[in-house]
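Let me begin by presenting the structure, written as structure tokens, before commenting on it.
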Amino acid sequence: MNSAAPSRTHEWTGASGDNWVLHQQRLDLMLAAFGDAAIAAADVAPGDHILDIGCGAGATSFALAARTGSEGHVLGVDISPQLIARASADAPADAPVAFRLADAATAAWEPAAADLLFSRFGVMFFDDPVAAFDHMRGALKPGGRLAFACWR
């Protein structure tokens, strides 16, 4: 018998994803101070390449992209198709940002390509956090950084 907790992916592809999109503006406003604090701690520099884990509807991806400038890039990833669709639809045409429907804990990443792994409350949903962080570490450049906000 498998004692592992069931995956939460089904929650975010269904009602949770729908509800987040419905209440996106209110939720992003409510969580903005936490995201802003994590972004400040991340010390984003122009030209940084960033992986935004559990990017939701893109609020943090857009804020990070504004700091990387045109020479940087942000890849926002989330397991919710509804949230990725919202983020993609809201992305300014000239922003250095893209979105991908993926589970950051298992997705294939370009090795050693990211300067920063970032998350505003996305990493707390990993089924196996140790394995997920080990996997994502491969996406970091040598000397790369990690910054996230997560409920305890």
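Naming works like this for the structure tokens: A, B, ... for the chains as they're shown, residue 1 at the start of each chain, ligands 1 onward in shown order.
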Could you please write out, as a PyMOL selection string, every residue of range 24-112 of chain A that DSSP assigns to strand (DSSP E)?
chain A and resi 49-53+73-78+97-101
Store the residues picked out above in a file with N, CA, C and O atoms, as a PDB file, in the first residue's frame.
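Written output follows (again_25.pdb):
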```pdb
ATOM      1  N   HIS A  49      18.085  35.497 -15.463  1.00  0.00           N
ATOM      2  CA  HIS A  49      17.154  34.507 -15.993  1.00  0.00           C
ATOM      3  C   HIS A  49      16.542  33.808 -14.786  1.00  0.00           C
ATOM      4  O   HIS A  49      17.269  33.284 -13.939  1.00  0.00           O
ATOM      5  N   ILE A  50      15.199  33.845 -14.727  1.00  0.00           N
ATOM      6  CA  ILE A  50      14.491  33.448 -13.515  1.00  0.00           C
ATOM      7  C   ILE A  50      13.446  32.388 -13.832  1.00  0.00           C
ATOM      8  O   ILE A  50      12.711  32.509 -14.819  1.00  0.00           O
ATOM      9  N   LEU A  51      13.354  31.401 -12.968  1.00  0.00           N
ATOM     10  CA  LEU A  51      12.295  30.407 -13.014  1.00  0.00           C
ATOM     11  C   LEU A  51      11.340  30.731 -11.877  1.00  0.00           C
ATOM     12  O   LEU A  51      11.723  30.684 -10.708  1.00  0.00           O
ATOM     13  N   ASP A  52      10.103  31.129 -12.204  1.00  0.00           N
ATOM     14  CA  ASP A  52       9.075  31.473 -11.222  1.00  0.00           C
ATOM     15  C   ASP A  52       8.187  30.254 -11.016  1.00  0.00           C
ATOM     16  O   ASP A  52       7.366  29.909 -11.862  1.00  0.00           O
ATOM     17  N   ILE A  53       8.372  29.589  -9.886  1.00  0.00           N
ATOM     18  CA  ILE A  53       7.756  28.303  -9.584  1.00  0.00           C
ATOM     19  C   ILE A  53       6.379  28.510  -8.961  1.00  0.00           C
ATOM     20  O   ILE A  53       6.254  29.190  -7.951  1.00  0.00           O
ATOM     21  N   HIS A  73      15.141  37.286 -18.537  1.00  0.00           N
ATOM     22  CA  HIS A  73      13.957  36.534 -18.920  1.00  0.00           C
ATOM     23  C   HIS A  73      13.385  35.825 -17.696  1.00  0.00           C
ATOM     24  O   HIS A  73      14.123  35.361 -16.829  1.00  0.00           O
ATOM     25  N   VAL A  74      12.058  35.722 -17.665  1.00  0.00           N
ATOM     26  CA  VAL A  74      11.348  34.998 -16.609  1.00  0.00           C
ATOM     27  C   VAL A  74      10.509  33.914 -17.265  1.00  0.00           C
ATOM     28  O   VAL A  74       9.766  34.186 -18.207  1.00  0.00           O
ATOM     29  N   LEU A  75      10.644  32.697 -16.759  1.00  0.00           N
ATOM     30  CA  LEU A  75       9.777  31.604 -17.167  1.00  0.00           C
ATOM     31  C   LEU A  75       8.897  31.270 -15.979  1.00  0.00           C
ATOM     32  O   LEU A  75       9.387  30.816 -14.945  1.00  0.00           O
ATOM     33  N   GLY A  76       7.609  31.541 -16.110  1.00  0.00           N
ATOM     34  CA  GLY A  76       6.647  31.215 -15.074  1.00  0.00           C
ATOM     35  C   GLY A  76       6.063  29.840 -15.344  1.00  0.00           C
ATOM     36  O   GLY A  76       5.636  29.565 -16.465  1.00  0.00           O
ATOM     37  N   VAL A  77       6.078  28.982 -14.327  1.00  0.00           N
ATOM     38  CA  VAL A  77       5.526  27.627 -14.474  1.00  0.00           C
ATOM     39  C   VAL A  77       4.477  27.386 -13.396  1.00  0.00           C
ATOM     40  O   VAL A  77       4.595  27.862 -12.272  1.00  0.00           O
ATOM     41  N   ASP A  78       3.447  26.657 -13.782  1.00  0.00           N
ATOM     42  CA  ASP A  78       2.386  26.314 -12.843  1.00  0.00           C
ATOM     43  C   ASP A  78       1.708  25.050 -13.350  1.00  0.00           C
ATOM     44  O   ASP A  78       1.753  24.754 -14.554  1.00  0.00           O
ATOM     45  N   VAL A  97       8.985  37.650 -20.600  1.00  0.00           N
ATOM     46  CA  VAL A  97       8.345  36.629 -19.776  1.00  0.00           C
ATOM     47  C   VAL A  97       7.616  35.626 -20.665  1.00  0.00           C
ATOM     48  O   VAL A  97       7.090  35.992 -21.716  1.00  0.00           O
ATOM     49  N   ALA A  98       7.635  34.370 -20.245  1.00  0.00           N
ATOM     50  CA  ALA A  98       6.885  33.316 -20.922  1.00  0.00           C
ATOM     51  C   ALA A  98       6.291  32.427 -19.847  1.00  0.00           C
ATOM     52  O   ALA A  98       6.747  32.434 -18.697  1.00  0.00           O
ATOM     53  N   PHE A  99       5.285  31.663 -20.230  1.00  0.00           N
ATOM     54  CA  PHE A  99       4.616  30.793 -19.271  1.00  0.00           C
ATOM     55  C   PHE A  99       4.541  29.379 -19.818  1.00  0.00           C
ATOM     56  O   PHE A  99       4.414  29.175 -21.029  1.00  0.00           O
ATOM     57  N   ARG A 100       4.626  28.422 -18.891  1.00  0.00           N
ATOM     58  CA  ARG A 100       4.632  27.006 -19.278  1.00  0.00           C
ATOM     59  C   ARG A 100       3.811  26.206 -18.265  1.00  0.00           C
ATOM     60  O   ARG A 100       4.013  26.336 -17.056  1.00  0.00           O
ATOM     61  N   LEU A 101       2.926  25.393 -18.772  1.00  0.00           N
ATOM     62  CA  LEU A 101       2.165  24.462 -17.935  1.00  0.00           C
ATOM     63  C   LEU A 101       3.095  23.300 -17.609  1.00  0.00           C
ATOM     64  O   LEU A 101       3.491  22.542 -18.497  1.00  0.00           O
TER      65      LEU A 101
END
```
Counting only C-alpha atoms, which of A:Thr68, A:Phe121, A:Leu83, A:Thr106 gets nearest to Ala32 in chain A?
A:Phe121
Exercise: range 25-27 of chain A partners within 12 Å, only C-alpha atoms, chain neighbours under 6 positions left out, as number ranges by chain:
A: 19, 33-35, 56-59, 86, 121
Please provide the set of residues having any atom within 9 Å of Leu146 in chain A, restricted to only C-alpha atoms, with same-chain residues fewer than 2 positions apart removed, written as a PyMOL selection string.
chain A and resi 42+115-119+140+144+148
Tell me which of A:Thr60, A:Gly54, A:Ser80, A:Ser88 sits closest to Ala105 in chain A, counting only C-alpha atoms.
A:Gly54
Determine the nearest neighbour of Phe126 in chain A from the options A:Ala112, A:Ile79, A:Ile84, A:Ala89, counting only C-alpha atoms.
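Of A:Ala112, A:Ile79, A:Ile84, A:Ala89, the one nearest Phe126 in chain A, counting only C-alpha atoms, is A:Ile79.
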Hey, what's within 12 Å of Gly69 in chain A if we count only C-alpha atoms and toss same-chain stuff fewer than 3 positions away? As a ChimeraX atom specification, please?
/A:44-50,62-66,72-74,94-97
May I have the selected residues written with C-alpha atoms, as a tab-separated table (two decimals), in the first residue's frame?
```
chain	number	residue	atom	x	y	z
A	44	VAL	CA	17.02	40.61	-8.96
A	45	ALA	CA	19.52	42.16	-11.37
A	46	PRO	CA	19.12	43.27	-14.97
A	47	GLY	CA	19.82	40.33	-17.25
A	48	ASP	CA	18.82	37.66	-14.72
A	49	HIS	CA	17.15	34.51	-15.99
A	50	ILE	CA	14.49	33.45	-13.52
A	62	PHE	CA	5.52	40.29	-14.33
A	63	ALA	CA	7.16	41.99	-11.32
A	64	LEU	CA	10.34	39.95	-11.77
A	65	ALA	CA	10.41	40.62	-15.53
A	66	ALA	CA	10.21	44.37	-14.89
A	72	GLY	CA	16.78	39.01	-18.80
A	73	HIS	CA	13.96	36.53	-18.92
A	74	VAL	CA	11.35	35.00	-16.61
A	94	ASP	CA	7.17	43.24	-24.98
A	95	ALA	CA	7.73	41.74	-21.51
A	96	PRO	CA	10.65	39.30	-21.16
A	97	VAL	CA	8.35	36.63	-19.78
```
In range 60-141 of chain A, what's alpha helix (DSSP H) per DSSP? Answer as a ChimeraX atom specification?
/A:60-68,81-90,129-137
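Of note, CA of Ala37 in chain A and CA of Cys150 in chain A are spaced 11.7 Å apart.
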